[in-house]
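Remarks on the structure that follows.
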Amino acid sequence: MANPPTVQSPAHPSGDNRFKLLDRAITKHHGRGDALIEVLHAAQEIFGFLEDDLMIYVARALKRPLSQVYGVATFYHFFRLKPNGEHVFVLCMGTACYVKGAAAIQDAVEHRCGAKFGETTEDNKVSLISARCVGSCGLAPVAVLDNAVAGKLTTESAVGKVDAWKRSGEEVAV
Amino acid sequence: MTIEDLRERAGEERERQGKWKRRILYCSAAGCVSCGSKETAESLKQSLKTGGMDTEVEVVGTGCMGLCGEGPLVKVHPDDVLYERVDTSAANAIVTSHMMRGEIVSDHLVDQTVPFFASQVKVVLENCGRINAESLDEYLAAGGYEALGKALGEMQPGEIIDEVRKSGLRGRGGAGYSTGLKWGIVQKAESDQKYVVCNADEGDPGAFMDRSVLEGDPHRILEGMVIAGYAVGAQQGYIYIRAEYPLAIERLRLAIKQAERNGLLGNKILDSNFSFRIDLRIGAGAFVCGEETALMRSIQGRRGRPKPRPPYPSERGLWEKPTLLNNVETFANIAPIIRNGSAWFAAIGTPKSTGTKVFALAGKIRNTGLIEVPMGIPLRTIIFDIGGGTTEGTEFKAAQTGGPSGGCIPSAHLDLPVDYESLAGIGSIMGSGGLIVMDSTSNMVDVAKYFMDFCVDESCGKCVPCRVGTAHIAGLLGKIVNKKATAEDIGLLEELCMMVKATSLCGLGQSAPNPVLSTLRFFRTEYEELLQPVEGFVPTNGERQETERPWP
């Protein structure tokens, strides 16, 4: 298919070395346009979210129209176009969790944070994200708190965690 | 590497395992890890070391052991003792009492004679919870890659397809199309390049079967895919897996590397003339990508938008080439079928739905977790014997299968045998295997609205009936839930559901109204209780009969 990309400048003009990591991921897929989703995964892992500049960079490297890159990035829920807050509260809204009261937890957490799921609190402390299903249905209701799965949640334990985050930013176990 | 080398390695591994006095297996699948099974394993190892027993007892992480609600789970071999809720202090107790003195710790003991274990038949999950998912040797010792050796060494592609066809295996993704027929179509298609794709985009909320198989026995999927590749004449395979399953992705990556290093993937597999590669493709959180044409678009790096069928993927799929697309569980069944023969497989289950089915039990049920049962087993057995009934003694109301594409099965139909035709007959589907139990505290209108909101979110937006129709159905349901609807709205709701079902482009839209239609059919009174009173309206009582009109 296509040749490897021609973007291996020694450093990105911005001096940001993370682009070198991204270049490596692009080369691994031989700069093929059909690896777009893989490359966006790598980009999000390296940079945390997909900034406009980053999408332009990926589009050029893979020789794809920017519209396609933007289209893919916005189509899939997994890609974020905005940075997350300090802490991330991913609430599972799968059927098992829903039947076991995830909606009440959602309401309580939204109320306490003053932000809806899909948003970040104003003080940038907590991002609220709802997941389709994290696959730990045996432990419903489940949330993923800063990448650690917390099962058998109650509204109290969920709100407690958010409070702890809002107070300090220190890790506190539920 | 040849098949003889494999057998030698398997023998060495069995010998190595036999040298340990005892082996402690702990569940390292996602469910138990989130209950702290890694800490449990650490303290097991630590206590063994302190007690000077670390040369006699081996501690091994395995895949899912099934009883996910009671984790972390720990199993002791060769005593065949299973412990539940093993925290670090229980781990110490197991070492000091069971390992040192041979006394079983009764506080955490699980009775394995109860129906939860006794009623299960393990084919797909035979290695899950028994072997270390990260060790190729342990898979070999459990008879792994024997089927591949047999297929490549003794069988022609046509013979393999015949075996799969005769076994009666049907697609485990939910639709239930004959796997053998599908393989035959791809084999007969003429092309310079063909592909084999494994659908591991387990999108149904409440389902975790594929995840457990991939986390607990990844080599089984690779073996099934290589056999499929040989049978249909493909050289390249893809596994499309959800990004939400990081542990499964990690284990698959490792398994692919191990298989490549040992001549089980790549060029000249097992010294034959057959070459096959497998690449992973990570999904990015779109439910519609479980639909086969959308999935293939996604593999090609595009937005996951479905295409009209035909042409079916088996004629024109990835990059317009013939593509064989099967679910994880379907591929997991291939190795045992080749190893034990089609007659053995066909003897399990019912004549039309052969084999077993893995279900993920969740919701208001006592024993949540992963089970595998023969097809045709009554739903009552699954929920009350295996599942232990509802939690806290509340009354069973309905079981939901098939997620947002399926329907609810009320208590009146509990004796229904679980097979493809019976479930379809009452407006539900087998689905991929999520089984959510609801009790008297669950409101069915609310549940229907939950699924419809899900479909509104996940509709890709390509076709109008799905994009606009689902939003309107959700709006009507919202009106009903908020007690602002009249009887007229229910008629409108039904009409809209029929329209979306009949005119949507892909499976997502065609099946999106199922949860609404199914709850309307069996729990109509719950809808009617929420309606605004209208003069002259007579509410029906219970299950409505005239909905038996054929659904398009």
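Residue numbering restarts at 1 in every chain; chains get A, B, ... in the order shown in the structure tokens, and ligands count up from 1 in that same order.
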Which residues, written as JSON, numbers by chain, have at least one atom at most 9 Å from range 155-161 of chain A, with only C-alpha atoms counted and residues fewer than 3 positions away on the same chain left out?
{"A": [101, 102, 104, 105, 106, 107, 108, 109, 112, 113, 143, 145, 164, 165, 166, 172, 173, 174]}
Please identify every residue of chain A that has at least one atom no more than 8 Å from any atom of chain B, counting only C-alpha atoms, and report them as a ChimeraX atom specification.
/A:33-38,68,71-72,75-79,93-97,99-100,132-140,148-151
Restricting it to N, CA and C atoms, dump the selection as a compact mmCIF listing (two decimals), in the first residue's frame.
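Output file out-v8.txt follows:
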```txt
# COMPACT_ATOMS: atom_id res chain seq x y z
N GLY A 33 -3.45 4.46 5.78
CA GLY A 33 -4.64 5.21 6.16
C GLY A 33 -5.65 4.37 6.90
N ASP A 34 -5.66 3.05 6.61
CA ASP A 34 -6.67 2.24 7.29
C ASP A 34 -6.31 1.97 8.75
N ALA A 35 -5.13 2.42 9.17
CA ALA A 35 -4.78 2.29 10.59
C ALA A 35 -5.16 3.55 11.36
N LEU A 36 -6.04 4.37 10.77
CA LEU A 36 -6.39 5.65 11.40
C LEU A 36 -6.85 5.50 12.85
N ILE A 37 -7.73 4.52 13.09
CA ILE A 37 -8.26 4.38 14.45
C ILE A 37 -7.14 3.98 15.41
N GLU A 38 -6.26 3.08 14.95
CA GLU A 38 -5.13 2.67 15.79
C GLU A 38 -4.25 3.87 16.13
N GLN A 68 -12.05 13.38 7.31
CA GLN A 68 -12.21 11.98 7.69
C GLN A 68 -11.67 11.73 9.10
N GLY A 71 -14.09 13.22 11.41
CA GLY A 71 -15.30 12.40 11.38
C GLY A 71 -15.14 11.16 12.25
N VAL A 72 -14.01 10.49 12.13
CA VAL A 72 -13.78 9.29 12.92
C VAL A 72 -13.65 9.64 14.40
N PHE A 75 -17.04 10.33 15.76
CA PHE A 75 -18.01 9.23 15.66
C PHE A 75 -17.90 8.30 16.86
N TYR A 76 -16.66 8.01 17.25
CA TYR A 76 -16.44 7.02 18.30
C TYR A 76 -16.40 7.68 19.68
N HIS A 77 -17.16 7.08 20.61
CA HIS A 77 -17.24 7.66 21.96
C HIS A 77 -15.91 7.69 22.68
N PHE A 78 -15.03 6.76 22.31
CA PHE A 78 -13.80 6.59 23.09
C PHE A 78 -12.86 7.79 22.94
N PHE A 79 -12.97 8.51 21.81
CA PHE A 79 -12.04 9.61 21.57
C PHE A 79 -12.55 10.89 22.22
N MET A 93 -23.20 2.45 32.87
CA MET A 93 -24.65 2.52 32.71
C MET A 93 -25.16 1.30 31.93
N GLY A 94 -24.46 0.19 32.09
CA GLY A 94 -24.91 -1.06 31.48
C GLY A 94 -26.20 -1.53 32.13
N THR A 95 -26.84 -2.52 31.50
CA THR A 95 -28.16 -2.94 31.99
C THR A 95 -28.11 -3.43 33.43
N ALA A 96 -27.10 -4.25 33.74
CA ALA A 96 -27.04 -4.80 35.09
C ALA A 96 -26.89 -3.69 36.12
N CYS A 97 -26.03 -2.72 35.81
CA CYS A 97 -25.82 -1.60 36.73
C CYS A 97 -27.09 -0.75 36.82
N VAL A 99 -30.22 -1.72 36.39
CA VAL A 99 -31.23 -2.42 37.17
C VAL A 99 -30.90 -2.33 38.66
N LYS A 100 -29.60 -2.23 38.97
CA LYS A 100 -29.21 -2.18 40.37
C LYS A 100 -29.02 -0.75 40.87
N ARG A 132 -20.86 2.52 28.50
CA ARG A 132 -21.95 1.64 28.09
C ARG A 132 -21.99 0.41 28.97
N CYS A 133 -20.84 -0.22 29.15
CA CYS A 133 -20.75 -1.39 30.01
C CYS A 133 -19.28 -1.68 30.17
N VAL A 134 -18.81 -1.80 31.40
CA VAL A 134 -17.40 -2.11 31.59
C VAL A 134 -17.19 -3.60 31.74
N GLY A 135 -18.25 -4.38 31.69
CA GLY A 135 -18.13 -5.84 31.68
C GLY A 135 -17.86 -6.46 33.02
N SER A 136 -18.05 -5.72 34.11
CA SER A 136 -17.91 -6.31 35.44
C SER A 136 -19.29 -6.41 36.08
N CYS A 137 -20.23 -6.98 35.33
CA CYS A 137 -21.64 -6.94 35.73
C CYS A 137 -21.90 -7.68 37.03
N GLY A 138 -21.02 -8.60 37.39
CA GLY A 138 -21.19 -9.33 38.64
C GLY A 138 -21.10 -8.41 39.85
N LEU A 139 -20.46 -7.25 39.65
CA LEU A 139 -20.21 -6.35 40.78
C LEU A 139 -21.11 -5.12 40.73
N ALA A 140 -22.15 -5.17 39.90
CA ALA A 140 -22.98 -3.99 39.67
C ALA A 140 -23.55 -3.45 40.98
N ALA A 148 -9.34 2.57 38.33
CA ALA A 148 -9.52 1.42 39.22
C ALA A 148 -11.01 1.09 39.30
N VAL A 149 -11.34 -0.16 39.07
CA VAL A 149 -12.75 -0.55 39.09
C VAL A 149 -13.24 -0.62 40.53
N ALA A 150 -14.35 0.05 40.80
CA ALA A 150 -14.95 -0.02 42.12
C ALA A 150 -16.34 -0.62 41.97
N GLY A 151 -16.57 -1.74 42.62
CA GLY A 151 -17.84 -2.45 42.46
C GLY A 151 -18.77 -2.22 43.63
```
For Glu110 in chain A, which residue out of A:Asp163, A:Ala59, A:Thr74, A:Asp53 is the nearest one, using only C-alpha atoms?
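Result for the nearest residue to Glu110 in chain A: A:Asp163.
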Backbone-only DSSP, helix (DSSP H, G or I) members of range 348-504 of chain B, as a ChimeraX atom specification
/B:379-386,391-393,403-405,411-413,420-425,444-458,464-481,487-503
Could you tell me, as a VMD selection string, which residues of range 365-522 of chain B DSSP assigns to strand (DSSP E or B) when given the backbone?
chain B and resid 365 369 to 374 378 390 396 to 401 407 to 410 417 434 to 439
Please produce an output containing C-alpha atoms for each residue in the selection, written as a PDB file, in the first residue's frame.
```pdb
ATOM      1  CA  ILE B 365     -30.061 -12.615  40.747  1.00  0.00           C
ATOM      2  CA  GLY B 369     -21.474 -14.698  36.972  1.00  0.00           C
ATOM      3  CA  LEU B 370     -20.561 -16.701  33.940  1.00  0.00           C
ATOM      4  CA  ILE B 371     -22.220 -20.005  33.147  1.00  0.00           C
ATOM      5  CA  GLU B 372     -22.252 -22.481  30.272  1.00  0.00           C
ATOM      6  CA  VAL B 373     -25.294 -24.676  29.743  1.00  0.00           C
ATOM      7  CA  PRO B 374     -26.426 -27.102  27.056  1.00  0.00           C
ATOM      8  CA  PRO B 378     -35.352 -24.529  30.506  1.00  0.00           C
ATOM      9  CA  THR B 390     -33.705 -13.455  42.762  1.00  0.00           C
ATOM     10  CA  PHE B 396     -39.092 -12.783  39.739  1.00  0.00           C
ATOM     11  CA  LYS B 397     -40.572 -10.580  37.049  1.00  0.00           C
ATOM     12  CA  ALA B 398     -38.694 -11.014  33.799  1.00  0.00           C
ATOM     13  CA  ALA B 399     -35.436 -12.086  32.248  1.00  0.00           C
ATOM     14  CA  GLN B 400     -33.965  -9.911  29.555  1.00  0.00           C
ATOM     15  CA  THR B 401     -31.895 -11.535  26.816  1.00  0.00           C
ATOM     16  CA  GLY B 407     -36.741  -8.741  24.661  1.00  0.00           C
ATOM     17  CA  CYS B 408     -38.081  -9.672  28.046  1.00  0.00           C
ATOM     18  CA  ILE B 409     -39.283 -13.119  29.009  1.00  0.00           C
ATOM     19  CA  PRO B 410     -41.972 -12.998  31.712  1.00  0.00           C
ATOM     20  CA  PRO B 417     -36.308 -24.202  26.427  1.00  0.00           C
ATOM     21  CA  GLY B 434     -26.322 -11.482  28.361  1.00  0.00           C
ATOM     22  CA  LEU B 435     -29.111 -12.505  30.709  1.00  0.00           C
ATOM     23  CA  ILE B 436     -30.357  -9.827  33.055  1.00  0.00           C
ATOM     24  CA  VAL B 437     -32.872 -10.739  35.721  1.00  0.00           C
ATOM     25  CA  MET B 438     -35.453  -8.215  36.887  1.00  0.00           C
ATOM     26  CA  ASP B 439     -37.601  -8.534  39.960  1.00  0.00           C
TER      27      ASP B 439
END
```
